[in-house]
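The file entry_12.txt comes next; it holds compact mmCIF, C-alpha atoms and all ligand atoms.
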# COMPACT_ATOMS: atom_id res chain seq x y z
CA MET K 1 81.33 121.86 110.81
CA SER K 2 78.90 120.31 113.31
CA TYR K 3 77.62 116.74 113.27
CA THR K 4 74.20 118.00 112.14
CA GLU K 5 75.75 119.72 109.15
CA ALA K 6 77.66 116.57 108.29
CA LYS K 7 74.50 114.51 108.63
CA ASN K 8 72.71 116.81 106.20
CA ALA K 9 75.62 116.74 103.78
CA TYR K 10 75.46 112.94 103.77
CA LEU K 11 71.67 112.99 103.37
CA ALA K 12 72.17 115.11 100.28
CA LEU K 13 74.54 112.43 98.95
CA GLY K 14 71.97 109.74 99.71
CA ALA K 15 73.45 108.29 102.93
CA ASP K 16 71.93 108.08 106.41
CA THR K 17 74.51 108.67 109.17
CA GLU K 18 72.09 107.69 111.96
CA LYS K 19 71.38 104.33 110.40
CA ALA K 20 75.07 103.79 109.69
CA MET K 21 76.04 104.30 113.35
CA GLU K 22 73.20 102.03 114.50
CA ILE K 23 74.47 99.20 112.30
CA LEU K 24 78.13 99.77 113.10
CA LYS K 25 77.87 99.44 116.85
CA ASP K 26 76.61 95.86 116.54
CA ILE K 27 79.17 94.56 114.06
CA PRO K 28 81.57 92.34 116.00
CA VAL K 29 85.27 92.76 115.31
CA SER K 30 87.47 90.01 116.68
CA VAL K 31 90.50 91.62 118.31
CA HIS K 32 93.65 89.49 118.20
CA CYS K 33 95.33 89.05 121.58
CA TRP K 34 98.75 88.58 119.96
CA GLN K 35 99.41 92.26 119.25
CA GLY K 36 100.05 92.59 123.00
CA ASP K 37 103.15 90.41 123.21
CA ASP K 38 104.54 90.03 119.68
CA VAL K 39 102.88 86.59 119.25
CA THR K 40 104.88 85.04 122.11
CA GLY K 41 102.16 83.34 124.18
CA PHE K 42 102.63 81.54 127.48
CA ASP K 43 102.85 77.83 126.75
CA SER K 44 106.30 77.26 125.34
CA ARG K 45 107.64 80.79 124.93
CA SER K 46 109.67 79.46 122.02
CA ALA K 47 110.97 81.96 119.52
CA LEU K 48 108.38 82.93 116.93
CA SER K 49 108.56 80.53 114.00
CA GLY K 50 106.39 79.65 111.02
CA GLY K 51 107.75 82.28 108.66
CA ILE K 52 106.12 85.20 110.46
CA GLN K 53 107.96 88.02 112.21
CA ALA K 54 107.23 90.77 114.72
CA THR K 55 110.00 93.31 114.25
CA GLY K 56 110.94 96.05 116.71
CA ASN K 57 111.81 96.25 120.37
CA TYR K 58 109.50 98.84 121.87
CA PRO K 59 109.66 98.63 125.68
CA GLY K 60 106.81 97.51 127.92
CA LYS K 61 105.72 94.29 126.24
CA ALA K 62 103.28 92.13 128.26
CA THR K 63 104.98 89.01 129.58
CA THR K 64 102.37 87.62 131.98
CA LEU K 65 98.68 86.79 131.73
CA GLU K 66 97.82 89.67 134.05
CA GLU K 67 99.82 92.16 131.99
CA LEU K 68 98.33 90.99 128.73
CA MET K 69 94.80 91.17 130.13
CA ALA K 70 95.39 94.66 131.55
CA ASP K 71 96.82 95.87 128.24
CA PHE K 72 93.96 94.34 126.29
CA ASP K 73 91.51 96.10 128.61
CA LYS K 74 93.28 99.41 128.12
CA ALA K 75 93.14 99.03 124.35
CA ALA K 76 89.50 97.86 124.39
CA SER K 77 88.52 100.88 126.46
CA LEU K 78 89.68 103.06 123.56
CA ILE K 79 87.95 101.11 120.78
CA PRO K 80 84.27 101.69 119.97
CA GLY K 81 81.79 98.99 118.98
CA ARG K 82 81.27 95.31 119.69
CA LYS K 83 84.42 93.29 120.23
CA LYS K 84 85.35 89.63 120.46
CA LEU K 85 88.53 88.25 121.98
CA ASN K 86 90.69 86.31 119.53
CA LEU K 87 92.99 83.82 121.25
CA HIS K 88 95.75 81.51 120.10
CA THR K 89 96.35 78.16 121.78
CA SER K 90 99.78 79.33 122.82
CA TYR K 91 98.01 81.61 125.35
CA ALA K 92 96.94 78.59 127.46
CA VAL K 93 97.35 79.11 131.18
CA PHE K 94 98.78 76.31 133.29
CA ASP K 95 98.26 76.45 137.01
CA GLY K 96 99.88 73.07 137.63
CA GLU K 97 101.69 70.79 135.19
CA PRO K 98 101.89 72.25 131.67
CA ALA K 99 100.08 70.16 129.04
CA GLY K 100 101.40 69.53 125.54
CA ARG K 101 99.48 71.11 122.70
CA ASP K 102 98.10 67.70 121.83
CA LYS K 103 96.59 67.39 125.29
CA LEU K 104 95.11 70.81 125.91
CA LYS K 105 91.84 70.99 127.75
CA PRO K 106 89.15 73.63 128.28
CA GLU K 107 90.38 74.18 131.84
CA HIS K 108 93.61 75.66 130.46
CA PHE K 109 91.53 78.53 129.13
CA ALA K 110 89.18 78.97 132.10
CA LYS K 111 90.78 82.29 133.05
CA TRP K 112 90.25 83.65 129.57
CA VAL K 113 86.63 82.54 129.64
CA LYS K 114 86.11 84.36 132.93
CA PHE K 115 87.79 87.44 131.44
CA ALA K 116 85.61 87.37 128.30
CA LYS K 117 82.38 86.71 130.18
CA GLU K 118 82.97 89.60 132.56
CA ARG K 119 83.33 91.84 129.54
CA ASN K 120 80.43 90.37 127.59
CA MET K 121 82.67 89.24 124.77
CA GLY K 122 82.62 86.12 122.68
CA ILE K 123 85.88 84.27 122.00
CA ASP K 124 87.44 83.15 118.72
CA PHE K 125 90.25 80.63 118.66
CA ASN K 126 93.32 79.56 116.72
CA PRO K 127 95.24 76.33 117.06
CA THR K 128 98.95 77.24 117.14
CA PHE K 129 100.94 75.25 114.58
CA PHE K 130 104.18 77.22 115.05
CA SER K 131 106.74 78.27 117.70
CA HIS K 132 106.98 74.73 119.02
CA PRO K 133 109.57 71.90 119.05
CA MET K 134 107.15 69.50 117.32
CA VAL K 135 107.33 71.61 114.15
CA LYS K 136 109.80 69.46 112.22
CA ASP K 137 111.60 70.82 109.14
CA ASN K 138 108.94 73.57 108.96
CA LEU K 139 106.16 71.00 108.67
CA THR K 140 103.21 70.10 110.90
CA LEU K 141 100.00 68.61 109.48
CA SER K 142 101.76 67.87 106.19
CA SER K 143 104.83 66.25 107.70
CA PRO K 144 106.04 62.92 106.28
CA ASP K 145 106.87 61.96 109.88
CA GLU K 146 103.80 60.17 111.22
CA SER K 147 104.50 61.10 114.84
CA VAL K 148 104.68 64.79 113.96
CA ARG K 149 101.52 64.63 111.89
CA LYS K 150 99.69 62.72 114.62
CA TYR K 151 100.74 65.24 117.28
CA TRP K 152 99.29 68.14 115.33
CA ILE K 153 96.12 66.25 114.45
CA GLU K 154 95.57 65.72 118.16
CA HIS K 155 96.22 69.42 118.65
CA GLY K 156 93.52 70.29 116.12
CA LYS K 157 91.04 67.96 117.77
CA ALA K 158 91.81 69.34 121.24
CA CYS K 159 91.23 72.84 119.88
CA LEU K 160 87.81 71.88 118.51
CA ARG K 161 86.76 70.76 121.98
CA ILE K 162 88.05 74.00 123.46
CA ALA K 163 86.30 76.08 120.78
CA GLU K 164 83.04 74.35 121.64
CA TYR K 165 83.62 75.14 125.30
CA PHE K 166 84.17 78.83 124.45
CA ALA K 167 80.94 78.95 122.46
CA LYS K 168 78.93 77.25 125.18
CA GLU K 169 80.34 79.39 127.96
CA THR K 170 80.05 82.75 126.24
CA GLY K 171 76.83 82.04 124.32
CA GLU K 172 78.46 83.41 121.18
CA PRO K 173 79.70 81.39 118.20
CA CYS K 174 83.40 80.59 118.16
CA VAL K 175 85.36 80.92 114.93
CA MET K 176 88.23 78.43 114.99
CA ASN K 177 90.84 79.25 112.38
CA ILE K 178 93.33 76.73 111.06
CA TRP K 179 96.50 78.14 109.57
CA ILE K 180 99.65 76.05 109.15
CA PRO K 181 103.01 77.52 108.15
CA ASP K 182 104.13 74.35 106.32
CA GLY K 183 106.29 74.91 103.29
CA TYR K 184 109.73 74.89 101.68
CA LYS K 185 112.35 77.56 101.29
CA ASP K 186 113.59 76.15 98.04
CA ILE K 187 112.02 74.43 95.09
CA PRO K 188 110.40 71.17 96.18
CA ALA K 189 110.52 68.02 94.11
CA ASP K 190 107.11 66.88 95.23
CA ARG K 191 104.36 69.43 95.70
CA TYR K 192 101.60 66.87 95.73
CA SER K 193 102.38 64.65 98.71
CA PRO K 194 102.54 67.35 101.41
CA ARG K 195 99.17 68.64 100.22
CA ALA K 196 97.75 65.13 100.20
CA ARG K 197 98.93 64.68 103.79
CA PHE K 198 97.51 68.05 104.82
CA LYS K 199 94.19 67.05 103.29
CA ALA K 200 94.16 63.75 105.16
CA SER K 201 95.14 65.49 108.42
CA LEU K 202 92.33 68.02 108.10
CA ASP K 203 89.89 65.18 107.43
CA GLU K 204 91.06 63.50 110.62
CA ILE K 205 90.73 66.67 112.70
CA LEU K 206 87.25 67.34 111.36
CA SER K 207 86.14 63.77 112.06
CA GLU K 208 85.95 64.88 115.69
CA SER K 209 82.31 65.67 116.31
CA TYR K 210 81.55 69.26 117.22
CA ASP K 211 78.55 71.53 117.27
CA LYS K 212 78.52 73.13 113.83
CA SER K 213 75.89 75.64 114.86
CA ARG K 214 78.27 77.13 117.43
CA VAL K 215 81.77 76.43 116.12
CA PHE K 216 82.77 77.73 112.69
CA VAL K 217 85.99 76.17 111.46
CA THR K 218 87.87 78.38 109.02
CA LEU K 219 90.91 77.62 106.87
CA GLU K 220 93.47 80.33 106.08
CA SER K 221 95.68 80.11 103.01
CA LYS K 222 99.05 81.73 102.39
CA VAL K 223 101.33 82.27 99.43
CA PHE K 224 104.74 82.35 101.13
CA GLY K 225 106.53 82.90 104.43
CA ILE K 226 109.98 84.00 105.55
CA GLY K 227 112.19 80.95 104.92
CA LEU K 228 109.25 79.36 103.09
CA GLU K 229 109.51 81.32 99.91
CA SER K 230 109.15 78.66 97.24
CA TYR K 231 106.17 76.65 98.34
CA THR K 232 103.41 76.68 100.92
CA VAL K 233 101.27 73.61 101.43
CA GLY K 234 98.16 75.59 102.32
CA SER K 235 97.96 77.61 99.13
CA SER K 236 94.88 79.55 98.11
CA GLU K 237 93.66 76.88 95.68
CA PHE K 238 94.16 74.16 98.27
CA CYS K 239 92.34 76.02 101.02
CA LEU K 240 89.41 77.20 98.91
CA SER K 241 88.89 73.76 97.43
CA TYR K 242 89.19 72.08 100.79
CA SER K 243 86.78 74.46 102.55
CA ASP K 244 84.30 74.04 99.76
CA ARG K 245 84.41 70.28 99.87
CA ALA K 246 84.40 69.98 103.65
CA GLY K 247 81.71 72.57 104.23
CA ILE K 248 83.92 74.77 106.38
CA THR K 249 84.61 78.49 105.96
CA PRO K 250 87.43 80.02 103.91
CA LEU K 251 89.52 82.70 105.61
CA LEU K 252 91.32 85.38 103.61
CA ASP K 253 94.20 87.32 105.12
CA ASN K 254 95.02 90.33 102.95
CA GLY K 255 98.74 89.83 103.54
CA HIS K 256 98.65 86.38 101.95
CA TYR K 257 98.42 87.05 98.22
CA HIS K 258 100.60 88.26 95.41
CA PRO K 259 101.05 92.02 95.75
CA THR K 260 98.68 93.13 93.01
CA GLU K 261 95.88 90.81 94.10
CA THR K 262 93.32 92.32 96.43
CA VAL K 263 91.09 90.60 98.96
CA SER K 264 88.42 93.23 98.30
CA ASP K 265 88.00 91.78 94.82
CA LYS K 266 87.71 88.22 96.13
CA ILE K 267 84.90 88.81 98.62
CA SER K 268 81.98 88.95 96.16
CA ALA K 269 83.06 85.77 94.40
CA LEU K 270 83.31 83.87 97.67
CA LEU K 271 80.00 85.21 98.96
CA LEU K 272 78.30 83.66 95.96
CA PHE K 273 79.48 80.21 96.97
CA ASN K 274 79.77 80.34 100.76
CA GLU K 275 77.22 81.05 103.46
CA LYS K 276 80.01 82.56 105.59
CA ILE K 277 83.50 83.84 104.90
CA ALA K 278 86.18 85.05 107.32
CA LEU K 279 88.81 87.76 107.10
CA HIS K 280 92.11 88.60 108.74
CA ILE K 281 92.62 92.30 108.22
CA THR K 282 96.25 93.31 108.20
CA ARG K 283 98.59 95.67 106.31
CA PRO K 284 101.28 94.07 104.21
CA VAL K 285 104.09 96.46 103.32
CA ARG K 286 106.11 94.85 100.49
CA TRP K 287 105.60 91.44 102.12
CA ASP K 288 103.27 89.93 104.72
CA SER K 289 104.76 92.32 107.25
CA ASP K 290 101.66 92.62 109.48
CA HIS K 291 101.96 96.37 109.93
CA VAL K 292 99.25 98.12 111.95
CA VAL K 293 96.04 98.43 109.93
CA LEU K 294 95.33 101.97 108.72
CA PHE K 295 92.30 103.71 107.24
CA ASP K 296 93.71 103.10 103.78
CA ASP K 297 92.27 102.33 100.36
CA GLU K 298 92.25 98.55 100.63
CA THR K 299 90.84 98.46 104.17
CA ARG K 300 88.01 100.73 103.00
CA GLU K 301 87.47 98.69 99.85
CA ILE K 302 87.26 95.45 101.87
CA CYS K 303 84.67 97.01 104.17
CA LYS K 304 82.70 98.41 101.24
CA GLU K 305 82.43 94.91 99.79
CA ILE K 306 81.09 93.58 103.11
CA VAL K 307 78.50 96.34 103.39
CA ARG K 308 77.46 96.69 99.74
CA ASN K 309 76.83 92.99 99.44
CA ARG K 310 74.69 93.06 102.60
CA ALA K 311 77.07 90.57 104.12
CA VAL K 312 77.63 92.10 107.53
CA ASP K 313 76.18 88.91 109.10
CA ARG K 314 78.09 86.60 106.79
CA VAL K 315 81.64 87.84 107.22
CA PHE K 316 83.67 87.10 110.33
CA ILE K 317 85.92 90.12 110.71
CA ALA K 318 89.17 89.77 112.65
CA THR K 319 92.35 91.80 112.88
CA ASP K 320 95.77 90.18 112.48
CA TYR K 321 98.91 92.29 112.79
CA PHE K 322 101.83 92.59 115.18
CA ASP K 323 104.05 95.60 115.32
CA ALA K 324 106.71 95.60 118.05
CA SER K 325 108.26 98.91 116.99
CA VAL K 326 105.60 101.22 118.47
CA ASN K 327 103.58 101.30 121.65
CA ARG K 328 101.63 98.03 121.45
CA ILE K 329 98.44 99.43 122.93
CA ALA K 330 98.41 102.33 120.48
CA ALA K 331 99.00 99.76 117.73
CA TRP K 332 95.97 97.78 118.87
CA VAL K 333 93.78 100.88 119.04
CA THR K 334 94.93 102.41 115.76
CA GLY K 335 94.43 99.16 113.86
CA VAL K 336 91.03 98.20 115.20
CA ARG K 337 89.77 101.79 115.01
CA SER K 338 90.85 101.80 111.37
CA VAL K 339 88.63 98.80 110.70
CA GLU K 340 85.74 100.47 112.53
CA LYS K 341 86.31 103.67 110.58
CA ALA K 342 86.42 101.81 107.28
CA LEU K 343 83.15 100.07 108.16
CA LEU K 344 81.54 103.42 108.96
CA PHE K 345 82.88 104.88 105.72
CA ALA K 346 81.38 101.93 103.84
CA LEU K 347 78.04 102.30 105.61
CA LEU K 348 77.96 105.91 104.39
CA GLU K 349 78.19 104.93 100.75
CA PRO K 350 74.96 105.39 98.75
CA SER K 351 75.59 101.99 97.19
CA ALA K 352 72.22 101.55 95.45
CA ARG K 353 72.68 104.85 93.61
CA LEU K 354 76.26 103.98 92.62
CA ALA K 355 75.25 100.52 91.43
CA GLU K 356 72.49 102.09 89.35
CA LEU K 357 75.05 104.37 87.67
CA GLN K 358 77.22 101.35 86.91
CA ASN K 359 74.39 99.22 85.59
CA SER K 360 73.01 101.94 83.36
CA GLY K 361 76.44 102.48 81.88
CA ARG K 362 76.87 106.01 83.28
CA LEU K 363 80.48 105.36 84.15
CA THR K 364 81.68 108.97 83.92
CA GLU K 365 79.13 109.95 86.57
CA LEU K 366 80.09 106.91 88.63
CA MET K 367 83.73 107.98 88.65
CA ALA K 368 82.81 111.51 89.68
CA ALA K 369 80.38 110.35 92.39
CA GLN K 370 82.97 108.00 93.89
CA GLU K 371 85.52 110.80 94.00
CA GLU K 372 82.99 113.16 95.60
CA LEU K 373 82.43 110.73 98.48
CA LYS K 374 86.10 110.78 99.42
CA THR K 375 85.87 114.37 100.66
CA ALA K 376 82.44 114.14 102.31
CA PRO K 377 82.56 115.29 106.00
CA PHE K 378 83.38 111.87 107.38
CA GLY K 379 85.47 113.08 110.35
CA GLU K 380 82.43 114.66 111.99
CA VAL K 381 80.43 111.47 111.80
CA TRP K 382 83.32 109.43 113.22
CA ALA K 383 83.69 111.92 116.08
CA GLU K 384 79.96 111.67 116.79
CA TYR K 385 80.15 107.88 116.80
CA LEU K 386 82.97 107.99 119.37
CA ARG K 387 80.95 110.42 121.53
CA ARG K 388 77.94 108.12 121.45
CA GLU K 389 80.09 105.15 122.36
CA ASN K 390 81.67 107.13 125.22
CA ILE K 391 85.13 106.70 123.78
CA SER K 392 87.63 109.51 123.95
CA ALA K 393 88.76 110.66 120.51
CA ASP K 394 92.27 111.31 121.78
CA TYR K 395 93.77 107.96 122.61
CA ILE K 396 97.41 108.92 122.45
CA SER K 397 97.40 110.87 125.71
CA VAL K 398 95.63 107.98 127.47
CA VAL K 399 98.18 105.53 126.08
CA LYS K 400 101.07 107.83 127.08
CA GLU K 401 99.78 108.04 130.64
CA TYR K 402 99.52 104.23 130.77
CA GLU K 403 103.01 103.99 129.35
CA ASP K 404 104.38 106.25 132.09
CA GLU K 405 102.48 104.61 134.91
CA VAL K 406 102.47 100.95 133.91
CA LEU K 407 104.51 99.95 130.85
CA SER K 408 107.67 101.82 131.76
CA LYS K 409 107.84 99.98 135.09
CA ARG K 410 107.92 96.49 133.54
C1 LIG C 1 100.29 84.08 109.43
C2 LIG C 1 98.82 84.13 109.52
C3 LIG C 1 98.24 83.81 110.85
C4 LIG C 1 99.00 84.42 111.99
C5 LIG C 1 98.33 84.31 113.34
C6 LIG C 1 99.24 84.68 114.46
O1 LIG C 1 100.80 84.61 108.28
O2 LIG C 1 98.35 85.38 109.09
O3 LIG C 1 96.90 84.14 110.87
O4 LIG C 1 99.26 85.77 111.75
O5 LIG C 1 97.82 83.06 113.48
ZN ZN C 2 96.27 85.77 109.35
Rendering of file as structure tokens:
Amino acid sequence: MSYTEAKNAYLALGADTEKAMEILKDIPVSVHCWQGDDVTGFDSRSALSGGIQATGNYPGKATTLEELMADFDKAASLIPGRKKLNLHTSYAVFDGEPAGRDKLKPEHFAKWVKFAKERNMGIDFNPTFFSHPMVKDNLTLSSPDESVRKYWIEHGKACLRIAEYFAKETGEPCVMNIWIPDGYKDIPADRYSPRARFKASLDEILSESYDKSRVFVTLESKVFGIGLESYTVGSSEFCLSYSDRAGITPLLDNGHYHPTETVSDKISALLLFNEKIALHITRPVRWDSDHVVLFDDETREICKEIVRNRAVDRVFIATDYFDASVNRIAAWVTGVRSVEKALLFALLEPSARLAELQNSGRLTELMAAQEELKTAPFGEVWAEYLRRENISADYISVVKEYEDEVLSKR
């Protein structure tokens, strides 16, 4: 089947492929830098902590700034659409004396700014509250130890200044996401006090003045972590309530809920009460395993909710996964392409017609129409989108060549 035939097939179903591709190419997807090196970073190179894990030992991992940048470029060259660079603080670059995370300055990210500007990308940012000796007993902003709490508050404030610098330099808004791993492996006796301290710490961080038109602070909740099974301080209720009260943006990671809960079902509720929301798109397999995102049911359903609710401008979309068991560049490309594909799939849904079926109680027809869409000639439209974006459909041979020439020599 040709693209023209696919286009006509979609027109018959009530969807406009041309319009869909036009919209898709301008939707920014924030690509996480940490897929490139299993969340290691450059500042302390401590073992990954915080209850998250990158499993696998595929050869060729990036270990220097230059390698990570080259790998990111290779991946980006195989991903269509508008991209942002998503950095963690642990990717700070020190030319002279290393600075502690409480004393980081914009200059420690100057090389990343140059990199992003040369590629016309905005930058998003994440304070790093893990993989560091100042994490004490798995606690940071909720620690009962004042010196620990203070250190991480200063870290948060330093990150706000850096986020503002990113926004000013790139001319694009910077989403700064706060996620802390704090929690307990076993049943705590006091669930209230750590949350009270976390609340106070966030208040202190946000007392730093910053340009709210350029920097969007988001808060990511989580239900459990490895070694933090019984209690997490930053639970969903805590984070939603806090964001609401403080006027910041809630962030939902689809690996951070009980297994039968879906983020796709949460989006509409949050859009009714928030100007903006933010997402970490990942693939949890039995736990928050951060497998590479695929073009699967939940990824499509999440994207449908963004598109149907006309919220493309209100949802900050970012990827968040780290698989060390396969080629890391292919992992990057497969995951981000899956998000792009799911967005395209969602843009090809005749949502007004489907909503009309629902609202007029024609639920049998709705079921049939939704099934029909699953086998519409989507592959042709995706292939056309790649052609228009000048991106080769076959990325595996490009990645293999890079593996032979570059990765295998590391
Ligand atoms: C952890 C959170 C968090 C991290 C990144 C590296 O469960 O999802 O977003 O994955 O900050
Ligand atoms: Zn996340």
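Closest approach to ligand ZN 2 (chain C) among K:Val223, K:Leu11, K:Leu65, K:Leu373 is made by K:Val223 (distances from only C-alpha atoms and all ligand atoms).
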Subject >> Given 7 Å and all atoms listed in the file, residues near ligand ZN 2 (chain C) as a PyMOL selection string >> reply: chain K and resi 220+253+280+320
Give me, as a PDB file with C-alpha atoms, in the coordinates of the input, the set of residues whose atoms come within 9 Å of any atom of ligand LIG 1 (chain C), counting all atoms listed in the file.
ATOM      1  CA  HIS K  32      93.650  89.490 118.200  1.00  0.00           C
ATOM      2  CA  TRP K  34      98.750  88.580 119.960  1.00  0.00           C
ATOM      3  CA  GLN K  35      99.410  92.260 119.250  1.00  0.00           C
ATOM      4  CA  VAL K  39     102.880  86.590 119.250  1.00  0.00           C
ATOM      5  CA  GLY K  50     106.390  79.650 111.020  1.00  0.00           C
ATOM      6  CA  GLY K  51     107.750  82.280 108.660  1.00  0.00           C
ATOM      7  CA  ILE K  52     106.120  85.200 110.460  1.00  0.00           C
ATOM      8  CA  GLN K  53     107.960  88.020 112.210  1.00  0.00           C
ATOM      9  CA  HIS K  88      95.750  81.510 120.100  1.00  0.00           C
ATOM     10  CA  ASN K 126      93.320  79.560 116.720  1.00  0.00           C
ATOM     11  CA  PRO K 127      95.240  76.330 117.060  1.00  0.00           C
ATOM     12  CA  THR K 128      98.950  77.240 117.140  1.00  0.00           C
ATOM     13  CA  PHE K 129     100.940  75.250 114.580  1.00  0.00           C
ATOM     14  CA  PHE K 130     104.180  77.220 115.050  1.00  0.00           C
ATOM     15  CA  ASN K 177      90.840  79.250 112.380  1.00  0.00           C
ATOM     16  CA  ILE K 178      93.330  76.730 111.060  1.00  0.00           C
ATOM     17  CA  TRP K 179      96.500  78.140 109.570  1.00  0.00           C
ATOM     18  CA  ILE K 180      99.650  76.050 109.150  1.00  0.00           C
ATOM     19  CA  PRO K 181     103.010  77.520 108.150  1.00  0.00           C
ATOM     20  CA  GLU K 220      93.470  80.330 106.080  1.00  0.00           C
ATOM     21  CA  SER K 221      95.680  80.110 103.010  1.00  0.00           C
ATOM     22  CA  LYS K 222      99.050  81.730 102.390  1.00  0.00           C
ATOM     23  CA  PHE K 224     104.740  82.350 101.130  1.00  0.00           C
ATOM     24  CA  GLY K 225     106.530  82.900 104.430  1.00  0.00           C
ATOM     25  CA  LEU K 252      91.320  85.380 103.610  1.00  0.00           C
ATOM     26  CA  ASP K 253      94.200  87.320 105.120  1.00  0.00           C
ATOM     27  CA  ASN K 254      95.020  90.330 102.950  1.00  0.00           C
ATOM     28  CA  GLY K 255      98.740  89.830 103.540  1.00  0.00           C
ATOM     29  CA  HIS K 256      98.650  86.380 101.950  1.00  0.00           C
ATOM     30  CA  HIS K 280      92.110  88.600 108.740  1.00  0.00           C
ATOM     31  CA  THR K 282      96.250  93.310 108.200  1.00  0.00           C
ATOM     32  CA  ASP K 288     103.270  89.930 104.720  1.00  0.00           C
ATOM     33  CA  SER K 289     104.760  92.320 107.250  1.00  0.00           C
ATOM     34  CA  ASP K 290     101.660  92.620 109.480  1.00  0.00           C
ATOM     35  CA  ASP K 320      95.770  90.180 112.480  1.00  0.00           C
ATOM     36  CA  TYR K 321      98.910  92.290 112.790  1.00  0.00           C
ATOM     37  CA  PHE K 322     101.830  92.590 115.180  1.00  0.00           C
TER      38      PHE K 322
END
Subject >> Residue with smallest distance to Cys174 in chain K - pool K:Ile79, K:Ala62, K:Trp287, K:Phe316, counting all atoms listed in the file >> reply: K:Phe316
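Minimum atom-to-atom distance to Leu228 in chain K, evaluated using all atoms listed in the file, belongs to K:Tyr184 out of K:Tyr165, K:Tyr184, K:Trp152, K:Tyr385.
Contact shell of Lys276 in chain K at 8 Å (all atoms listed in the file; same-chain neighbours under 5 positions omitted): Thr249, Leu271, Arg314, Val315 and Phe316 of chain K.
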Write the residues of the selection above to a file with C-alpha atoms, as a compact mmCIF listing (two decimals), in the frame of the given file.
# COMPACT_ATOMS: atom_id res chain seq x y z
CA THR K 249 84.61 78.49 105.96
CA LEU K 271 80.00 85.21 98.96
CA ARG K 314 78.09 86.60 106.79
CA VAL K 315 81.64 87.84 107.22
CA PHE K 316 83.67 87.10 110.33
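Across K:Ala269, K:Ala311, K:Ala167, K:Ile396, the tightest approach to Asn327 in chain K is made by K:Ile396 when counting all atoms listed in the file.
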Subject >> Selected residue of minimal separation from Pro133 in chain K among K:Glu349, K:Asp297, K:Glu305, K:Asp43, counting only C-alpha atoms >> reply: K:Asp43
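Note that the spacing between CA of Lys168 in chain K and CA of Glu208 in chain K amounts to 17.1 Å.
Distances to Glu401 in chain K were evaluated for K:Ile317, K:Ala15, K:Ile329, K:Leu348 using all atoms listed in the file, and the minimum falls at K:Ile329.
The spacing separating CA of Met69 in chain K from CA of Lys83 in chain K amounts to 14.5 Å.
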Original post:
Suppose you want the space between CA of Ala278 in chain K and CA of Ile248 in chain K; what is it in Å?
Top reply: 10.6 Å
Could you pull the residues within 9 Å of Ile123 in chain K, counting all atoms listed in the file, minus those fewer than 4 positions along the same chain, as a PDB file with C-alpha atoms, keeping the file's coordinate frame?
ATOM      1  CA  SER K  30      87.470  90.010 116.680  1.00  0.00           C
ATOM      2  CA  LYS K  84      85.350  89.630 120.460  1.00  0.00           C
ATOM      3  CA  LEU K  85      88.530  88.250 121.980  1.00  0.00           C
ATOM      4  CA  ASN K  86      90.690  86.310 119.530  1.00  0.00           C
ATOM      5  CA  LEU K  87      92.990  83.820 121.250  1.00  0.00           C
ATOM      6  CA  TRP K 112      90.250  83.650 129.570  1.00  0.00           C
ATOM      7  CA  VAL K 113      86.630  82.540 129.640  1.00  0.00           C
ATOM      8  CA  ALA K 116      85.610  87.370 128.300  1.00  0.00           C
ATOM      9  CA  ALA K 163      86.300  76.080 120.780  1.00  0.00           C
ATOM     10  CA  PHE K 166      84.170  78.830 124.450  1.00  0.00           C
ATOM     11  CA  ALA K 167      80.940  78.950 122.460  1.00  0.00           C
ATOM     12  CA  THR K 170      80.050  82.750 126.240  1.00  0.00           C
ATOM     13  CA  GLU K 172      78.460  83.410 121.180  1.00  0.00           C
ATOM     14  CA  PRO K 173      79.700  81.390 118.200  1.00  0.00           C
ATOM     15  CA  CYS K 174      83.400  80.590 118.160  1.00  0.00           C
ATOM     16  CA  VAL K 175      85.360  80.920 114.930  1.00  0.00           C
TER      17      VAL K 175
END
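Residues lying within 9 Å of Val381 in chain K, counting all atoms listed in the file and ignoring same-chain neighbours fewer than 3 positions away, are Tyr3, Ala6, Lys7, Thr17, Met21, Leu344, Pro377, Phe378, Glu384, Tyr385 and Leu386 of chain K.
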Which residues, written as a short mmCIF file (atom, residue, chain, number, x, y, z; two decimals) with C-alpha atoms, keeping the file's coordinate frame, have at least one atom at most 10 Å from Thr89 in chain K, with only C-alpha atoms counted and residues fewer than 4 positions away on the same chain left out?
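As written to disk, out32.cif reads:
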data_model
loop_
_atom_site.label_atom_id
_atom_site.label_comp_id
_atom_site.auth_asym_id
_atom_site.auth_seq_id
_atom_site.Cartn_x
_atom_site.Cartn_y
_atom_site.Cartn_z
CA GLY K 41 102.16 83.34 124.18
CA PHE K 42 102.63 81.54 127.48
CA ASP K 43 102.85 77.83 126.75
CA VAL K 93 97.35 79.11 131.18
CA ARG K 101 99.48 71.11 122.70
CA LEU K 104 95.11 70.81 125.91
CA HIS K 108 93.61 75.66 130.46
CA PHE K 109 91.53 78.53 129.13
CA PHE K 125 90.25 80.63 118.66
CA ASN K 126 93.32 79.56 116.72
CA PRO K 127 95.24 76.33 117.06
CA THR K 128 98.95 77.24 117.14
CA PHE K 129 100.94 75.25 114.58
CA HIS K 155 96.22 69.42 118.65
CA ALA K 158 91.81 69.34 121.24
CA CYS K 159 91.23 72.84 119.88
CA ILE K 162 88.05 74.00 123.46
#
Could you write out as JSON the box around range 151-164 of chain K (axis-aligned, all atoms listed in the file, 4 Å on each side), with centre and edge lengths in Å to one decimal?
{"center_x": 91.9, "center_y": 70.7, "center_z": 119.0, "size_x": 25.7, "size_y": 18.8, "size_z": 17.0}
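Those DNA, RNA and protein residues that approach the point (94.9, 101.2, 108.8) to within 7 Å, considering only C-alpha atoms, are Val292, Val293, Leu294, Phe295, Asp296, Thr299, Gly335, Ser338 and Val339 of chain K.
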